[in-house]
file protein.tsv (TSV, C-alpha atoms)
chain	number	residue	atom	x	y	z
M	6	MET	CA	-63.28	96.18	216.34
M	7	GLY	CA	-60.81	94.49	214.02
M	8	THR	CA	-61.28	97.10	211.31
M	9	ASP	CA	-60.70	100.00	213.69
M	10	LEU	CA	-57.58	98.34	215.05
M	11	LYS	CA	-56.21	97.81	211.55
M	12	ILE	CA	-56.88	101.44	210.67
M	13	SER	CA	-55.03	102.47	213.82
M	14	THR	CA	-51.97	100.38	212.97
M	15	ARG	CA	-51.89	101.67	209.40
M	16	SER	CA	-51.96	105.23	210.69
M	17	THR	CA	-49.09	104.49	213.08
M	18	VAL	CA	-46.92	102.90	210.41
M	19	GLU	CA	-47.52	105.88	208.15
M	20	ARG	CA	-46.63	108.26	210.97
M	21	TYR	CA	-43.36	106.46	211.65
M	22	SER	CA	-42.51	105.65	208.04
M	23	ASP	CA	-39.64	108.15	207.79
M	24	ALA	CA	-38.05	106.88	211.00
M	25	LEU	CA	-38.41	103.25	209.92
M	26	LEU	CA	-36.92	103.87	206.48
M	27	ASP	CA	-34.07	105.84	208.03
M	28	LEU	CA	-33.41	102.92	210.38
M	29	SER	CA	-33.35	100.43	207.51
M	30	HIS	CA	-31.06	102.56	205.36
M	31	SER	CA	-28.70	103.31	208.23
M	32	ILE	CA	-28.28	99.62	209.11
M	33	HIS	CA	-27.79	98.86	205.41
M	34	ALA	CA	-25.10	101.55	205.09
M	35	GLU	CA	-23.02	100.12	207.95
M	36	PRO	CA	-23.08	96.33	207.58
M	37	GLU	CA	-21.74	94.33	210.54
M	38	LEU	CA	-20.89	90.65	210.76
M	39	ALA	CA	-22.22	88.03	213.18
M	40	PHE	CA	-21.93	88.91	216.87
M	41	GLU	CA	-20.36	92.26	215.94
M	42	GLU	CA	-23.57	94.19	215.22
M	43	HIS	CA	-23.04	96.85	217.88
M	44	ARG	CA	-23.98	99.91	215.79
M	45	SER	CA	-27.09	98.21	214.43
M	46	VAL	CA	-28.26	97.24	217.90
M	47	GLU	CA	-27.71	100.76	219.17
M	48	LYS	CA	-29.78	102.20	216.33
M	49	ILE	CA	-32.67	99.80	216.91
M	50	THR	CA	-32.75	99.90	220.69
M	51	SER	CA	-32.36	103.67	220.89
M	52	LEU	CA	-35.46	104.13	218.76
M	53	LEU	CA	-37.47	101.61	220.77
M	54	ALA	CA	-36.38	103.10	224.09
M	55	ARG	CA	-37.46	106.58	222.95
M	56	GLU	CA	-40.85	105.14	222.09
M	57	GLY	CA	-41.48	103.70	225.55
M	58	PHE	CA	-40.14	100.16	225.25
M	59	LYS	CA	-38.17	98.68	228.12
M	60	VAL	CA	-34.91	97.55	226.57
M	61	ASP	CA	-32.68	94.80	227.95
M	62	ARG	CA	-29.36	94.58	226.12
M	63	GLY	CA	-26.84	91.77	226.16
M	64	VAL	CA	-29.44	89.10	226.92
M	65	ALA	CA	-28.54	85.39	226.84
M	66	ASP	CA	-24.90	86.35	227.44
M	67	LEU	CA	-24.72	87.69	223.88
M	68	ASP	CA	-23.43	91.25	223.56
M	69	THR	CA	-25.53	92.05	220.49
M	70	ALA	CA	-28.78	90.36	221.55
M	71	PHE	CA	-31.61	92.34	223.11
M	72	VAL	CA	-35.27	92.23	224.13
M	73	ALA	CA	-37.43	95.38	223.97
M	74	THR	CA	-40.76	95.00	225.78
M	75	TYR	CA	-44.03	96.93	225.89
M	76	GLY	CA	-47.28	96.03	227.62
M	77	ASP	CA	-48.30	93.40	230.13
M	78	GLY	CA	-50.94	91.33	228.35
M	79	GLU	CA	-51.06	87.58	228.81
M	80	LEU	CA	-50.50	86.87	225.08
M	81	VAL	CA	-46.81	87.48	224.39
M	82	LEU	CA	-45.77	88.36	220.84
M	83	GLY	CA	-42.14	87.93	219.82
M	84	LEU	CA	-41.13	89.98	216.78
M	85	CYS	CA	-37.70	88.77	215.69
M	86	ALA	CA	-35.21	91.30	214.37
M	87	GLU	CA	-32.13	90.23	212.44
M	88	TYR	CA	-29.34	92.66	211.59
M	89	ASP	CA	-26.12	90.80	210.78
M	90	ALA	CA	-24.62	91.11	207.31
M	91	LEU	CA	-22.42	89.01	205.04
M	92	PRO	CA	-18.71	89.42	204.26
M	93	GLU	CA	-18.03	91.36	201.03
M	94	VAL	CA	-21.70	91.62	199.93
M	95	GLY	CA	-23.08	93.40	203.01
M	96	HIS	CA	-26.83	93.26	203.52
M	97	ALA	CA	-27.41	90.92	200.61
M	98	CYS	CA	-30.00	89.06	202.65
M	99	GLY	CA	-31.95	92.15	203.63
M	100	HIS	CA	-31.64	91.95	207.39
M	101	ASN	CA	-31.92	95.73	207.53
M	102	VAL	CA	-35.47	95.33	206.23
M	103	ILE	CA	-36.21	92.53	208.69
M	104	ALA	CA	-35.14	94.62	211.67
M	105	ALA	CA	-37.01	97.74	210.65
M	106	ALA	CA	-40.18	95.82	209.77
M	107	SER	CA	-40.26	94.21	213.22
M	108	VAL	CA	-39.72	97.60	214.85
M	109	GLY	CA	-42.51	99.05	212.70
M	110	SER	CA	-44.90	96.28	213.66
M	111	ALA	CA	-44.08	96.76	217.34
M	112	LEU	CA	-44.78	100.49	217.12
M	113	ALA	CA	-48.02	99.84	215.25
M	114	LEU	CA	-49.24	97.48	217.96
M	115	ARG	CA	-47.99	99.53	220.91
M	116	ASP	CA	-50.98	101.87	221.12
M	117	ILE	CA	-53.50	99.02	221.00
M	118	ALA	CA	-51.61	96.55	223.18
M	119	ASP	CA	-54.00	96.99	226.10
M	120	GLN	CA	-57.05	96.48	223.87
M	121	LEU	CA	-55.52	93.29	222.47
M	122	GLY	CA	-54.30	92.03	225.83
M	123	ILE	CA	-50.80	91.48	224.50
M	124	THR	CA	-47.21	92.00	225.52
M	125	ILE	CA	-44.98	93.05	222.62
M	126	LYS	CA	-41.38	91.89	222.55
M	127	VAL	CA	-38.93	92.88	219.84
M	128	ILE	CA	-36.32	90.15	220.13
M	129	GLY	CA	-32.98	91.17	218.67
M	130	THR	CA	-31.35	88.03	217.32
M	131	PRO	CA	-27.72	88.34	216.18
M	132	ALA	CA	-25.70	86.06	213.96
M	133	GLU	CA	-28.33	84.46	211.72
M	134	GLU	CA	-25.94	84.04	208.80
M	135	VAL	CA	-23.50	82.09	210.93
M	136	GLY	CA	-23.55	81.51	214.67
M	137	GLY	CA	-27.21	80.68	215.32
M	138	GLY	CA	-28.23	83.53	217.59
M	139	LYS	CA	-31.82	82.32	217.86
M	140	VAL	CA	-30.71	78.79	218.76
M	141	LEU	CA	-28.58	80.12	221.59
M	142	MET	CA	-31.36	82.41	222.78
M	143	LEU	CA	-33.85	79.55	222.72
M	144	GLU	CA	-31.52	77.38	224.77
M	145	ARG	CA	-30.97	80.21	227.27
M	146	GLY	CA	-34.67	80.89	227.88
M	147	VAL	CA	-35.31	84.10	225.95
M	148	PHE	CA	-38.35	82.59	224.18
M	149	ASP	CA	-39.74	80.76	227.22
M	150	ASP	CA	-42.65	83.16	227.80
M	151	VAL	CA	-43.36	83.91	224.12
M	152	SER	CA	-46.76	82.75	222.85
M	153	LEU	CA	-46.18	83.35	219.13
M	154	SER	CA	-43.35	84.70	217.02
M	155	MET	CA	-42.89	86.12	213.55
M	156	MET	CA	-40.65	88.07	211.20
M	157	VAL	CA	-40.62	88.88	207.48
M	158	HIS	CA	-37.67	88.24	205.17
M	159	PRO	CA	-36.97	89.97	201.82
M	160	ALA	CA	-36.76	87.65	198.83
M	161	PRO	CA	-37.38	87.66	195.08
M	162	TYR	CA	-40.84	86.18	195.70
M	163	GLU	CA	-43.66	86.37	198.23
M	164	SER	CA	-44.50	83.37	200.44
M	165	CYS	CA	-46.49	82.98	203.64
M	166	ALA	CA	-45.44	79.50	204.77
M	167	ALA	CA	-41.87	79.51	203.49
M	168	LYS	CA	-39.87	76.29	203.41
M	169	SER	CA	-36.22	76.02	204.37
M	170	LEU	CA	-33.54	73.38	204.67
M	171	ALA	CA	-31.97	72.09	207.85
M	172	ILE	CA	-28.25	72.81	207.97
M	173	THR	CA	-25.09	72.10	209.88
M	174	ASP	CA	-21.81	73.95	209.26
M	175	LEU	CA	-18.73	71.75	209.54
M	176	GLU	CA	-15.06	72.64	209.31
M	177	VAL	CA	-12.56	69.83	208.79
M	178	ARG	CA	-9.00	70.53	209.87
M	179	TYR	CA	-6.12	68.31	208.72
M	180	THR	CA	-2.66	68.10	210.26
M	181	GLY	CA	0.26	66.62	208.33
M	182	LYS	CA	3.99	67.25	208.32
M	183	PRO	CA	5.94	70.04	206.58
M	184	SER	CA	8.89	69.44	204.34
M	185	HIS	CA	10.72	71.02	201.42
M	186	ALA	CA	8.49	70.54	198.40
M	187	ALA	CA	11.44	69.90	196.05
M	188	ALA	CA	14.37	68.68	198.16
M	189	ALA	CA	12.46	66.27	200.39
M	190	PRO	CA	8.78	65.95	199.46
M	191	HIS	CA	8.83	62.30	200.55
M	192	LEU	CA	9.35	63.41	204.14
M	193	GLY	CA	6.22	65.52	204.17
M	194	ILE	CA	2.55	64.65	204.81
M	195	ASN	CA	0.39	66.92	202.68
M	196	ALA	CA	-2.62	68.31	204.54
M	197	ALA	CA	-3.83	70.17	201.44
M	198	ASP	CA	-4.03	66.85	199.60
M	199	ALA	CA	-6.29	65.57	202.37
M	200	VAL	CA	-8.68	68.45	201.68
M	201	THR	CA	-8.59	67.58	197.98
M	202	VAL	CA	-9.42	63.93	198.65
M	203	ALA	CA	-12.31	64.98	200.88
M	204	GLN	CA	-13.65	67.35	198.21
M	205	ILE	CA	-13.46	64.69	195.51
M	206	SER	CA	-15.12	62.15	197.78
M	207	ILE	CA	-18.00	64.54	198.46
M	208	SER	CA	-18.36	65.32	194.75
M	209	LEU	CA	-18.57	61.63	193.88
M	210	LEU	CA	-21.07	61.10	196.68
M	211	ARG	CA	-23.46	63.71	195.24
M	212	GLN	CA	-24.88	61.16	192.78
M	213	HIS	CA	-26.25	59.27	195.75
M	214	PHE	CA	-27.67	62.17	197.76
M	215	GLU	CA	-31.27	61.84	198.86
M	216	PRO	CA	-33.74	64.39	197.42
M	217	GLY	CA	-33.23	67.73	199.12
M	218	GLN	CA	-29.72	66.99	200.36
M	219	MET	CA	-26.90	69.29	199.28
M	220	VAL	CA	-23.39	70.34	200.26
M	221	SER	CA	-21.41	73.48	199.47
M	222	GLY	CA	-17.95	74.34	200.71
M	223	ILE	CA	-14.80	76.42	200.56
M	224	VAL	CA	-11.13	75.85	201.41
M	225	THR	CA	-10.32	77.99	204.44
M	226	ASN	CA	-6.61	77.13	204.54
M	227	GLY	CA	-4.66	75.48	201.75
M	228	GLY	CA	-1.12	76.11	202.90
M	229	THR	CA	1.16	79.14	202.95
M	230	VAL	CA	3.80	78.92	200.21
M	231	PRO	CA	4.15	76.39	197.35
M	232	ASN	CA	7.68	75.28	198.24
M	233	VAL	CA	6.61	73.90	201.64
M	234	ILE	CA	4.46	70.80	201.94
M	235	PRO	CA	1.36	72.10	203.79
M	236	ALA	CA	1.29	70.77	207.33
M	237	ARG	CA	-2.14	72.27	208.02
M	238	ALA	CA	-5.17	72.70	205.83
M	239	SER	CA	-8.88	73.10	206.38
M	240	ALA	CA	-12.19	73.44	204.59
M	241	MET	CA	-15.69	74.45	205.65
M	242	PHE	CA	-18.89	72.89	204.34
M	243	ASP	CA	-22.59	73.72	204.61
M	244	VAL	CA	-24.43	70.41	204.84
M	245	ARG	CA	-28.17	70.74	204.16
M	246	ALA	CA	-31.22	68.49	203.93
M	247	GLU	CA	-35.01	68.59	203.90
M	248	ASN	CA	-35.22	67.88	207.64
M	249	LEU	CA	-33.09	67.10	210.66
M	250	GLU	CA	-33.36	63.35	210.19
M	251	SER	CA	-32.12	63.48	206.60
M	252	LEU	CA	-29.44	65.95	207.69
M	253	GLN	CA	-28.05	63.50	210.23
M	254	ARG	CA	-27.80	60.76	207.62
M	255	LEU	CA	-25.97	63.07	205.24
M	256	GLU	CA	-23.65	64.39	207.93
M	257	ASN	CA	-22.57	60.84	208.75
M	258	ARG	CA	-21.57	60.28	205.12
M	259	ILE	CA	-19.78	63.62	204.84
M	260	ARG	CA	-17.76	62.80	207.94
M	261	ASP	CA	-16.73	59.55	206.23
M	262	CYS	CA	-15.46	61.63	203.31
M	263	PHE	CA	-13.42	63.71	205.74
M	264	SER	CA	-11.96	60.52	207.18
M	265	ALA	CA	-11.10	59.35	203.67
M	266	GLY	CA	-8.92	62.43	203.20
M	267	ALA	CA	-7.00	61.64	206.36
M	268	LEU	CA	-6.65	57.94	205.57
M	269	ALA	CA	-5.43	58.53	202.01
M	270	THR	CA	-2.73	61.00	203.01
M	271	GLY	CA	-1.68	59.89	206.47
M	272	CYS	CA	-2.92	63.08	208.11
M	273	THR	CA	-4.78	63.36	211.36
M	274	HIS	CA	-7.99	65.37	211.35
M	275	GLU	CA	-10.69	66.90	213.48
M	276	VAL	CA	-14.19	68.09	212.60
M	277	VAL	CA	-15.59	71.22	214.23
M	278	GLN	CA	-19.25	72.22	214.19
M	279	VAL	CA	-19.07	75.94	213.43
M	280	SER	CA	-22.66	76.93	214.26
M	281	PRO	CA	-25.55	75.31	216.06
M	282	ILE	CA	-27.66	73.08	213.83
M	283	TYR	CA	-30.52	74.94	212.13
M	284	ALA	CA	-33.78	73.02	211.82
M	285	GLU	CA	-36.11	73.28	208.84
M	286	LEU	CA	-38.98	75.76	209.06
M	287	THR	CA	-42.29	74.33	210.27
M	288	PRO	CA	-44.56	77.39	210.13
M	289	ASP	CA	-47.79	77.45	212.11
M	290	PRO	CA	-50.61	76.88	209.57
M	291	TRP	CA	-53.14	79.20	211.19
M	292	LEU	CA	-50.70	82.07	211.57
M	293	ALA	CA	-49.50	81.58	207.99
M	294	ASP	CA	-53.09	81.75	206.71
M	295	ALA	CA	-53.74	84.89	208.77
M	296	TYR	CA	-50.61	86.47	207.35
M	297	ARG	CA	-51.71	85.49	203.82
M	298	ARG	CA	-55.01	87.32	204.31
M	299	ALA	CA	-53.21	90.39	205.61
M	300	ALA	CA	-50.63	90.46	202.82
M	301	THR	CA	-53.31	89.99	200.16
M	302	GLU	CA	-55.39	92.81	201.64
M	303	LEU	CA	-52.32	95.03	201.34
M	304	GLY	CA	-52.18	94.27	197.62
M	305	ARG	CA	-49.31	91.81	197.71
M	306	ARG	CA	-49.43	88.57	195.72
M	307	PRO	CA	-48.11	85.60	197.67
M	308	LEU	CA	-47.35	82.31	195.97
M	309	SER	CA	-50.06	79.72	196.28
M	310	PRO	CA	-49.59	77.08	198.98
M	311	GLU	CA	-48.77	74.59	196.23
M	312	GLN	CA	-46.09	76.88	194.77
M	313	GLU	CA	-44.64	77.48	198.23
M	314	GLN	CA	-43.90	73.79	198.60
M	315	ARG	CA	-41.60	73.96	195.57
M	316	GLU	CA	-39.61	76.97	196.76
M	317	LYS	CA	-36.95	76.93	199.47
M	318	ILE	CA	-35.28	79.93	201.05
M	319	GLY	CA	-32.01	78.31	202.09
M	320	SER	CA	-31.63	77.83	205.84
M	321	THR	CA	-32.46	79.89	208.92
M	322	ASP	CA	-32.26	79.58	212.68
M	323	MET	CA	-35.90	80.71	212.74
M	324	GLY	CA	-36.57	77.05	211.91
M	325	ASN	CA	-35.57	76.17	215.47
M	326	VAL	CA	-38.05	78.73	216.80
M	327	THR	CA	-40.88	77.21	214.75
M	328	ARG	CA	-40.19	73.81	216.29
M	329	VAL	CA	-40.62	75.20	219.81
M	330	LEU	CA	-43.57	77.60	219.50
M	331	PRO	CA	-46.14	78.75	216.94
M	332	ALA	CA	-44.25	80.99	214.54
M	333	ILE	CA	-43.99	82.09	210.92
M	334	HIS	CA	-41.19	83.32	208.66
M	335	PRO	CA	-42.88	84.66	205.52
M	336	THR	CA	-40.87	86.15	202.69
M	337	ILE	CA	-41.78	89.50	201.20
M	338	ALA	CA	-40.95	90.29	197.59
M	339	ILE	CA	-38.74	93.15	196.49
M	340	ASP	CA	-37.88	94.23	192.95
M	341	CYS	CA	-34.42	92.77	192.44
M	342	GLY	CA	-34.36	91.87	188.74
M	343	ASP	CA	-32.59	88.57	188.21
M	344	ALA	CA	-30.73	88.81	191.50
M	345	VAL	CA	-31.26	86.47	194.44
M	346	ASN	CA	-30.31	86.60	198.10
M	347	HIS	CA	-26.56	86.70	198.85
M	348	GLN	CA	-25.72	88.51	195.61
M	349	LEU	CA	-24.38	92.06	195.57
M	350	GLU	CA	-27.25	93.16	193.33
M	351	PHE	CA	-29.72	91.93	195.94
M	352	ALA	CA	-27.93	93.99	198.58
M	353	THR	CA	-28.47	97.07	196.40
M	354	ALA	CA	-32.15	96.19	196.04
M	355	CYS	CA	-32.53	96.00	199.83
M	356	ALA	CA	-32.12	99.77	200.07
M	357	SER	CA	-34.45	100.56	197.16
M	358	ALA	CA	-37.95	102.03	197.02
M	359	SER	CA	-39.29	98.51	196.56
M	360	ALA	CA	-37.59	97.34	199.76
M	361	ASP	CA	-38.99	100.38	201.55
M	362	ARG	CA	-42.52	99.40	200.48
M	363	ALA	CA	-41.88	95.83	201.57
M	364	LEU	CA	-40.70	97.05	204.97
M	365	LEU	CA	-43.86	99.05	205.62
M	366	ASP	CA	-46.16	96.37	204.21
M	367	GLY	CA	-44.38	93.70	206.24
M	368	ALA	CA	-44.78	95.71	209.43
M	369	LEU	CA	-48.50	96.09	208.78
M	370	ALA	CA	-49.00	92.47	207.72
M	371	MET	CA	-47.45	91.23	210.97
M	372	ALA	CA	-49.51	93.70	212.98
M	373	TRP	CA	-52.72	92.60	211.27
M	374	THR	CA	-51.78	88.95	211.78
M	375	THR	CA	-51.38	89.69	215.48
M	376	ILE	CA	-54.74	91.47	215.62
M	377	ALA	CA	-56.45	88.51	213.93
M	378	THR	CA	-54.83	86.12	216.38
M	379	ALA	CA	-55.40	88.11	219.56
M	380	THR	CA	-59.08	88.73	218.77
M	381	ASP	CA	-59.87	85.11	217.84
M	382	SER	CA	-60.90	83.46	221.09
M	383	GLN	CA	-60.12	79.95	219.88
M	384	GLN	CA	-56.65	80.82	218.62
M	385	ARG	CA	-55.91	82.91	221.66
M	386	ALA	CA	-56.81	80.00	223.91
M	387	ARG	CA	-54.69	77.65	221.81
M	388	LEU	CA	-51.62	79.85	222.11
M	389	LEU	CA	-52.06	80.47	225.81
M	390	ALA	CA	-52.61	76.77	226.49
M	391	ARG	CA	-49.17	75.86	225.16
M	392	GLY	CA	-47.60	77.48	228.20
M	393	GLY	CA	-46.19	80.55	226.49
M	394	ALA	CA	-48.17	83.03	228.54
M	395	ALA	CA	-46.43	85.53	230.75
call {"tool": "encode", "arguments": {"input": "protein.tsv", "output": "structure tokens"}}
result
Amino acid sequence: MGTDLKISTRSTVERYSDALLDLSHSIHAEPELAFEEHRSVEKITSLLAREGFKVDRGVADLDTAFVATYGDGELVLGLCAEYDALPEVGHACGHNVIAAASVGSALALRDIADQLGITIKVIGTPAEEVGGGKVLMLERGVFDDVSLSMMVHPAPYESCAAKSLAITDLEVRYTGKPSHAAAAPHLGINAADAVTVAQISISLLRQHFEPGQMVSGIVTNGGTVPNVIPARASAMFDVRAENLESLQRLENRIRDCFSAGALATGCTHEVVQVSPIYAELTPDPWLADAYRRAATELGRRPLSPEQEQREKIGSTDMGNVTRVLPAIHPTIAIDCGDAVNHQLEFATACASASADRALLDGALAMAWTTIATATDSQQRARLLARGGAA
């Protein structure tokens, strides 16, 4: 039975390959930022609606979130689609490939959904780069009936149980007092200096970071003109760690550095959490192993489990999903030379022939992982027992 089902899904992916590649390339050609992905959503949902999926748009009170559903089986599969891009470098994280691969997997499974006893949900999750769409959708119940979830993410290397870092995005905003920078500098309180003190404090703190902790940041406002003492200044920092517990310890210390900037300059300050906190990935071991078998059968060469432990993919709100239900977030390799995610060269690679192959292979690997899961009585019972059944 399993072999016939896999042959069926391969045939479907081949039949829809042109449509899937067109979808990927079209999303890539029109990059949209977090919570603004209206054209991308229209492209994805229009295709799914034409193919018989019931599409609900604007779910979880998010304009660019959606759920497209097919089937009525008790085992509910959630295929996550991402489609937001980055400023300046566009789809340099390959979300066009992610979206199209999830659509491809859904189409591949559609015709055998009754045989597998599954419900297929393509869950459109906006704002992964900043904004935490999946976190908001989790909190608002979108994943409540989902038994298992998966997606594939382009990367320079192939992994089945990818590791990520927990992250919180913090913006510190300082308020001082303006004054003429030459005639009366002593009457001013320099908010830009507060940012500088905070940056230096963080840099000196790095020597004492725990393993896996890291901070990166930019100045978002450093003043307006040089002859006025800046009364307002701000900076944004990504604070990351191996896990949520380590992240909290680091965040406490970073907030002390922010306070140091205010104390040293006489400014007041506030700290704003820009996005929901992203947890580290905790992929389901059985699903990851099933995906490994599928990817290997397709001729791909994943890193060994030992190598996977040494590689990290940055941070993702899919980590929050993996903490709530059995889920995986494998990476799928594309030919990108020396480039890595979030570089312009990687964006170019995400519309290449290699990315096209990864899209189709990723769609099939997720479909075969679902087949293996749905037809394994023990795993099926495990997933249904967790309360994720429809």
call {"tool": "residues_around", "arguments": {"input": "protein.tsv", "residues": "stretch 188-200 of chain M", "least_positions_apart": "3", "cutoff": "6 Å", "atoms": "only C-alpha atoms", "output": "VMD selection string"}}
result
chain M and resid 179 to 185 203 227 234 to 238 266 to 267 270
call {"tool": "closest_residue", "arguments": {"input": "protein.tsv", "among": "M:Thr130, M:Ser239, M:Ser45, M:Thr124", "to": "M:Val326", "atoms": "all atoms listed in the file"}}
result
M:Thr130
call {"tool": "residues_around", "arguments": {"input": "protein.tsv", "residues": "M:Leu53", "least_positions_apart": "4", "cutoff": "9 Å", "atoms": "all atoms listed in the file", "output": "ChimeraX atom specification"}}
result
/M:48-49,57-60,73-74,108,111-112,127
call {"tool": "closest_residue", "arguments": {"input": "protein.tsv", "among": "M:Lys11, M:Arg297, M:Arg62, M:His96", "to": "M:His33", "atoms": "only C-alpha atoms"}}
result
M:His96
call {"tool": "axis_aligned_box", "arguments": {"input": "protein.tsv", "around": "stretch 51-57 of chain M", "padding_each_side": "3 Å", "output": "AutoDock Vina command-line options"}}
result
--center_x -36.9 --center_y 104.1 --center_z 222.2 --size_x 15.1 --size_y 11.0 --size_z 12.8
call {"tool": "closest_residue", "arguments": {"input": "protein.tsv", "among": "M:Phe40, M:Trp291, M:Phe263, M:Trp373", "to": "M:Gly137", "atoms": "all atoms listed in the file"}}
result
M:Phe40
call {"tool": "residues_near_point", "arguments": {"input": "protein.tsv", "point": "(-41.7, 85.3, 203.6)", "cutoff": "12 Å", "atoms": "all atoms listed in the file", "output": "number ranges by chain"}}
result
M: 99, 103, 155-169, 286, 288, 293, 296-297, 300, 305-308, 313, 316-318, 321, 323, 333-339, 363-364, 366-367, 370-371
call {"tool": "closest_residue", "arguments": {"input": "protein.tsv", "among": "M:Arg385, M:Glu35, M:Pro310, M:Ser16", "to": "M:Pro290", "atoms": "all atoms listed in the file"}}
result
M:Pro310
call {"tool": "residues_around", "arguments": {"input": "protein.tsv", "residues": "stretch 374-379 of chain M", "least_positions_apart": "6", "cutoff": "7 Å", "atoms": "only C-alpha atoms", "output": "MDAnalysis selection string"}}
result
chainID M and resid 7 121 292 295:296 299 385
call {"tool": "decode", "arguments": {"input": "protein.tsv", "residues": "stretch 101-107 of chain M", "atoms": "all heavy atoms", "output": "mmCIF file, in the first residue's frame"}}
result
data_model
loop_
_atom_site.group_PDB
_atom_site.id
_atom_site.type_symbol
_atom_site.label_atom_id
_atom_site.label_comp_id
_atom_site.auth_asym_id
_atom_site.auth_seq_id
_atom_site.Cartn_x
_atom_site.Cartn_y
_atom_site.Cartn_z
ATOM 1 N N ASN M 101 9.521 31.700 -0.666
ATOM 2 C CA ASN M 101 8.780 31.317 -1.867
ATOM 3 C C ASN M 101 8.825 29.811 -2.080
ATOM 4 O O ASN M 101 7.830 29.189 -2.470
ATOM 5 C CB ASN M 101 9.354 32.040 -3.089
ATOM 6 C CG ASN M 101 10.832 31.746 -3.317
ATOM 7 O OD1 ASN M 101 11.664 32.011 -2.449
ATOM 8 N ND2 ASN M 101 11.182 31.213 -4.474
ATOM 9 N N VAL M 102 9.970 29.204 -1.792
ATOM 10 C CA VAL M 102 10.115 27.755 -1.909
ATOM 11 C C VAL M 102 9.305 27.047 -0.823
ATOM 12 O O VAL M 102 8.651 26.034 -1.076
ATOM 13 C CB VAL M 102 11.598 27.354 -1.824
ATOM 14 C CG1 VAL M 102 11.763 25.840 -1.812
ATOM 15 C CG2 VAL M 102 12.374 27.962 -2.993
ATOM 16 N N ILE M 103 9.338 27.592 0.384
ATOM 17 C CA ILE M 103 8.578 27.001 1.492
ATOM 18 C C ILE M 103 7.092 26.938 1.144
ATOM 19 O O ILE M 103 6.440 25.893 1.294
ATOM 20 C CB ILE M 103 8.784 27.818 2.779
ATOM 21 C CG1 ILE M 103 10.242 27.750 3.232
ATOM 22 C CG2 ILE M 103 7.859 27.320 3.887
ATOM 23 C CD1 ILE M 103 10.582 28.727 4.353
ATOM 24 N N ALA M 104 6.554 28.054 0.689
ATOM 25 C CA ALA M 104 5.122 28.109 0.379
ATOM 26 C C ALA M 104 4.752 27.121 -0.720
ATOM 27 O O ALA M 104 3.789 26.355 -0.590
ATOM 28 C CB ALA M 104 4.740 29.531 -0.019
ATOM 29 N N ALA M 105 5.504 27.132 -1.795
ATOM 30 C CA ALA M 105 5.168 26.268 -2.923
ATOM 31 C C ALA M 105 5.353 24.793 -2.581
ATOM 32 O O ALA M 105 4.587 23.939 -3.056
ATOM 33 C CB ALA M 105 6.014 26.648 -4.139
ATOM 34 N N ALA M 106 6.349 24.465 -1.766
ATOM 35 C CA ALA M 106 6.550 23.073 -1.372
ATOM 36 C C ALA M 106 5.378 22.568 -0.533
ATOM 37 O O ALA M 106 4.922 21.428 -0.695
ATOM 38 C CB ALA M 106 7.855 22.924 -0.597
ATOM 39 N N SER M 107 4.880 23.403 0.370
ATOM 40 C CA SER M 107 3.728 22.988 1.178
ATOM 41 C C SER M 107 2.485 22.823 0.315
ATOM 42 O O SER M 107 1.702 21.888 0.512
ATOM 43 C CB SER M 107 3.480 23.997 2.301
ATOM 44 O OG SER M 107 4.465 23.875 3.316
#
